[in-house]
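One structure below.
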Amino acid sequence: MSVDLAAAGDFILRNARLLDRHRFSFRFHGGAAADVLAALRPYQNDDGGFGHALEPDLRGPASQPVPLEHALQILDEIGRFDSQIVEASCEWLASKTTDEGGVPFVLPSVAEGPHAPWWVPTGEASLNPTAGIVGLLHKHDVSHSWIDTATTYCWEALPQRLNELGPDDAISVLTFLEHVPDRRRADATFDLLGARIRSDLVALEPSTPGYVKTPLEFARHPKRLARRLFDDMTIELHLEALAAKQQDDGGWPITWDPPSAAAVNEWRAFVTIMWLDVLDNYGCARL
């Protein structure tokens with residue numbers, strides 16, 4: 001399989017926001033983690049949360065839970081779990097936690113800016129993104145009272161909502177199960193979630209159209225927990241299909257309709273970096 005890294009780099013320069021330019025440079029050209037961190041900071045609000053279209057489908061400035069999850073993922077990516085950013089983030093999470101113990105998928109302040117139509121506040125706590133956020137905090141041994149509260153929420157909510165999870169929800173839960181300290185409980189829950197992913201949530205056929213999740217989105221690295229759900233032949237088939245999806249402009253396509261032309265470019269740059277990372281993780285080519 002063949003991937004054109006130079007073309008991907010040109011695509012990033014033409015279309016990506018500064019943050020993703022630095023992420024691309026860090027991942028593939030030895031760029032500095034400090035540059036990524038500096039580009040991330042302006043997305044954090046004074047209240048400790050993140051907004052300003054860090055999640056490209058949410059164009060408003062207000063802090064929201066999913067952009068905060070994206071911020072932690074970027075800190076994890078560069079190996080710089082900045083204490084000031086993380087402490088302020090945890091304080092914001094604590095201020096937005098419901099009586100259930102988790103944070104909602106989206107808050108009413110979403111109405112303050114353009115956004116994709118599926119961002120509808122319900123007022124209820126959600127495993128997505130609570131589970132993904134607390135999983136990353138566990139991974140980096142962060143100490144904050146919110147983590148215990150959110151962990152308890154996840155353990156209580158999972159048995160009740162396991163059969164209701166969508167593909168994106170399952171990816172968030174996988175992060176929790178991969179890093180939560182109670183390994184026996186995590187392994188038992190993963191067995192149940194894994195069966196659900198295999199039967200209902202994954203697109204095993206690479207040509208499946210529309211907004212679907214492939215094995216490589218559940219297992220973006222061969223050492224991830226979800227890798228054991230798929231045999232080698234399935235992974236190889238999807239790696240070949242993924243490499244073939246690089247477009248003539250050097251980037252990868254997306255399968256949904258963001259709320260603006262800017263969001264389209266930002267998402268395509270984001271997934272281009274994601275897919276290059278996956279291909280490199282699996283040793284498909286020296287990018």
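Letters A, B, ... mark the chains of the structure tokens in the order given; residue numbers begin at 1 per chain; ligand numbers begin at 1, in order shown.
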I'd like the contact shell of Arg196 of chain A - 9 Å cut-off, only C-alpha atoms, skipping same-chain residues fewer than 5 positions apart - returned as an MDAnalysis selection string. chainID A and resid 162:163 165 191 201:202
Take the residues that were just selected and, keeping N, CA, C and O atoms, output them as a PDB file, in the first residue's frame.
```pdb
ATOM      1  N   LEU A 162     -25.417   0.019  28.092  1.00  0.00           N
ATOM      2  CA  LEU A 162     -24.528  -0.677  27.160  1.00  0.00           C
ATOM      3  C   LEU A 162     -25.215  -0.961  25.834  1.00  0.00           C
ATOM      4  O   LEU A 162     -24.625  -0.806  24.764  1.00  0.00           O
ATOM      5  N   ASN A 163     -26.477  -1.367  25.887  1.00  0.00           N
ATOM      6  CA  ASN A 163     -27.189  -1.714  24.663  1.00  0.00           C
ATOM      7  C   ASN A 163     -27.721  -0.504  23.919  1.00  0.00           C
ATOM      8  O   ASN A 163     -28.294  -0.654  22.832  1.00  0.00           O
ATOM      9  N   LEU A 165     -25.608   2.235  23.395  1.00  0.00           N
ATOM     10  CA  LEU A 165     -24.451   2.969  22.895  1.00  0.00           C
ATOM     11  C   LEU A 165     -24.388   2.938  21.375  1.00  0.00           C
ATOM     12  O   LEU A 165     -24.604   1.911  20.739  1.00  0.00           O
ATOM     13  N   ASP A 191     -15.607  -7.364  27.576  1.00  0.00           N
ATOM     14  CA  ASP A 191     -16.142  -8.549  26.903  1.00  0.00           C
ATOM     15  C   ASP A 191     -17.557  -8.284  26.392  1.00  0.00           C
ATOM     16  O   ASP A 191     -17.914  -8.671  25.267  1.00  0.00           O
ATOM     17  N   LEU A 201     -21.998  -2.398  15.911  1.00  0.00           N
ATOM     18  CA  LEU A 201     -21.461  -1.043  15.839  1.00  0.00           C
ATOM     19  C   LEU A 201     -20.344  -0.838  14.817  1.00  0.00           C
ATOM     20  O   LEU A 201     -20.020   0.313  14.507  1.00  0.00           O
ATOM     21  N   VAL A 202     -19.746  -1.890  14.315  1.00  0.00           N
ATOM     22  CA  VAL A 202     -18.609  -1.741  13.411  1.00  0.00           C
ATOM     23  C   VAL A 202     -19.008  -2.096  11.983  1.00  0.00           C
ATOM     24  O   VAL A 202     -19.840  -2.981  11.753  1.00  0.00           O
TER      25      VAL A 202
END
```
Per residue of segment 9-106 of chain A within 12 Å of segment 125-137 of chain A, note the shortest atom pair and the distance in Å to one decimal, counting only C-alpha atoms, and order the rows by chain and increasing residue number, as a Markdown table.
```
| residue | atom | partner | partner_atom | distance |
| --- | --- | --- | --- | --- |
| A:Gln64 | CA | A:Pro129 | CA | 10.3 |
| A:Pro65 | CA | A:Pro129 | CA | 6.7 |
| A:Val66 | CA | A:Pro129 | CA | 6.0 |
| A:Pro67 | CA | A:Pro129 | CA | 9.4 |
| A:Leu68 | CA | A:Ile133 | CA | 7.9 |
| A:Glu69 | CA | A:Ile133 | CA | 5.4 |
| A:His70 | CA | A:Ile133 | CA | 8.8 |
| A:Ala71 | CA | A:Ile133 | CA | 9.7 |
| A:Leu72 | CA | A:Leu136 | CA | 7.0 |
| A:Gln73 | CA | A:Leu136 | CA | 7.5 |
| A:Ile74 | CA | A:Leu136 | CA | 10.6 |
| A:Leu75 | CA | A:Leu136 | CA | 9.7 |
| A:Asp76 | CA | A:Leu136 | CA | 7.6 |
| A:Glu77 | CA | A:Leu136 | CA | 10.8 |
| A:Gly79 | CA | A:Leu136 | CA | 11.7 |
| A:Phe81 | CA | A:Leu137 | CA | 9.2 |
| A:Asp82 | CA | A:Leu137 | CA | 11.6 |
| A:Ser83 | CA | A:Leu137 | CA | 11.3 |
| A:Val86 | CA | A:Leu137 | CA | 8.6 |
| A:Glu87 | CA | A:Leu137 | CA | 10.5 |
| A:Ser89 | CA | A:Ile133 | CA | 10.2 |
| A:Cys90 | CA | A:Leu137 | CA | 9.3 |
| A:Leu93 | CA | A:Thr130 | CA | 9.3 |
| A:Ala94 | CA | A:Thr130 | CA | 11.4 |
| A:Lys96 | CA | A:Ala125 | CA | 9.6 |
| A:Thr97 | CA | A:Ala125 | CA | 7.4 |
| A:Thr98 | CA | A:Ala125 | CA | 6.1 |
| A:Asp99 | CA | A:Ala125 | CA | 8.3 |
| A:Glu100 | CA | A:Ala125 | CA | 6.4 |
| A:Gly101 | CA | A:Ala125 | CA | 7.2 |
| A:Gly102 | CA | A:Ala125 | CA | 4.8 |
| A:Val103 | CA | A:Ala125 | CA | 4.7 |
| A:Pro104 | CA | A:Ala125 | CA | 4.1 |
| A:Phe105 | CA | A:Ser126 | CA | 5.5 |
| A:Val106 | CA | A:Ser126 | CA | 9.0 |
```
Write out as a CSV table (one decimal) with C-alpha atoms, in the first residue's frame which residues come within 7 Å of Ser63 of chain A when counting only C-alpha atoms, dropping same-chain ones fewer than 5 positions away.
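File produced: part_21.csv:
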```
chain,number,residue,atom,x,y,z
A,45,ASN,CA,-11.8,29.8,28.0
A,49,GLY,CA,-13.5,24.7,29.5
A,50,PHE,CA,-12.8,24.5,25.7
A,51,GLY,CA,-14.7,26.0,22.8
```
When distances are computed from only C-alpha atoms, which of A:Trp275, A:Thr175, A:Cys154, A:Val264 shows the smallest separation from Leu216 of chain A?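 Comparing A:Trp275, A:Thr175, A:Cys154, A:Val264 against Leu216 of chain A, the winner is A:Trp275.
Distances from A:Ala170, A:Leu276, A:Val110, A:Ala7 to Arg59 of chain A were compared using only C-alpha atoms, and the smallest one belongs to A:Val110.
The neighbours of Leu177 of chain A here are the residues that come within 10 Å of it, using only C-alpha atoms and leaving out any residue fewer than 3 positions away in the same chain; they are Ala131, Gly132, Gly135, Cys154, Trp155, Ile171, Ser172, Val173, Leu174, Val180, Pro181, Asp182, Arg183, Arg185, Ala186, Asp187, Ala188, Thr189, Phe190, Leu193 and Leu225 of chain A.
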To one decimal place in Å, what is the distance between atom CA of Arg21 of chain A and atom CA of Pro42 of chain A?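 Result for atom CA of Arg21 of chain A versus atom CA of Pro42 of chain A: 15.2 Å, one decimal.
Going from atom CA of Leu5 of chain A over to atom CA of Cys284 of chain A, you cover 12.5 Å.
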May I have all residues of segment 14-245 of chain A that DSSP, computed from the backbone, assigns to helix (DSSP H, G or I), given as a PyMOL selection string? chain A and resi 14-15+18-29+33-43+65-78+83-96+108-112+127-139+145-164+167-179+183-201+215-218+225-229+232-244
For Ser143 of chain A, the closest of A:Ile197, A:Gly60, A:Arg27, A:Glu91 counting only C-alpha atoms is A:Glu91
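Going from atom CA of Ala157 of chain A to atom CA of Leu192 of chain A covers 13.9 Å.
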Give me the residues within 8 Å of Val36 of chain A as a compact mmCIF listing (two decimals) with N, CA, C and O atoms, in the first residue's frame, counting only C-alpha atoms and dropping any in the same chain fewer than 4 places off.
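Now in part.txt:
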```txt
# COMPACT_ATOMS: atom_id res chain seq x y z
N LEU A 19 -3.25 24.91 14.75
CA LEU A 19 -3.10 23.80 15.69
C LEU A 19 -2.78 22.50 14.97
O LEU A 19 -1.86 21.76 15.36
N ASP A 20 -3.51 22.19 13.91
CA ASP A 20 -3.29 20.93 13.22
C ASP A 20 -2.03 20.96 12.36
O ASP A 20 -1.41 19.92 12.11
N HIS A 22 0.71 22.30 13.45
CA HIS A 22 1.74 21.93 14.43
C HIS A 22 1.62 20.46 14.83
O HIS A 22 2.65 19.80 15.08
N ARG A 23 0.40 19.93 14.91
CA ARG A 23 0.23 18.50 15.22
C ARG A 23 0.85 17.64 14.12
O ARG A 23 1.53 16.65 14.40
N PHE A 26 4.61 17.90 14.46
CA PHE A 26 5.07 17.12 15.61
C PHE A 26 5.09 15.63 15.29
O PHE A 26 6.07 14.93 15.60
N ALA A 32 7.95 20.58 17.48
CA ALA A 32 8.00 20.72 18.93
C ALA A 32 6.62 20.57 19.56
O ALA A 32 5.64 21.16 19.09
N LEU A 40 -2.89 25.25 21.18
CA LEU A 40 -4.08 24.74 21.85
C LEU A 40 -4.63 25.72 22.88
O LEU A 40 -5.85 25.83 23.07
N ILE A 78 0.75 14.49 22.38
CA ILE A 78 2.08 15.09 22.40
C ILE A 78 2.85 14.75 23.68
O ILE A 78 3.99 15.18 23.85
```
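With only C-alpha atoms as the atoms that count, the residue of A:Asp35, A:Asp200, A:Asp277, A:Asp10 with the shortest distance to His221 of chain A is A:Asp277.
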With only C-alpha atoms as the basis for distance, which of A:Ile235, A:Ala150, A:Val142, A:Ile254 is at the shortest distance from Ala269 of chain A?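 Between A:Ile235, A:Ala150, A:Val142, A:Ile254, the residue approaching Ala269 of chain A most closely is A:Ile254.
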Please identify all polymer residues within 10 Å of Val3 of chain A, counting only C-alpha atoms, omitting same-chain residues fewer than 3 positions from it, and present them as an NGL selection string. :A and (6-8 or 242-246 or 250 or 276 or 279-280 or 284-287)
Compile the contact shell of segment 203-209 of chain A as a PyMOL selection string: residues with an atom at most 9 Å away, counting only C-alpha atoms, same-chain residues fewer than 6 positions apart removed. chain A and resi 215+234+237-238+241-242+255
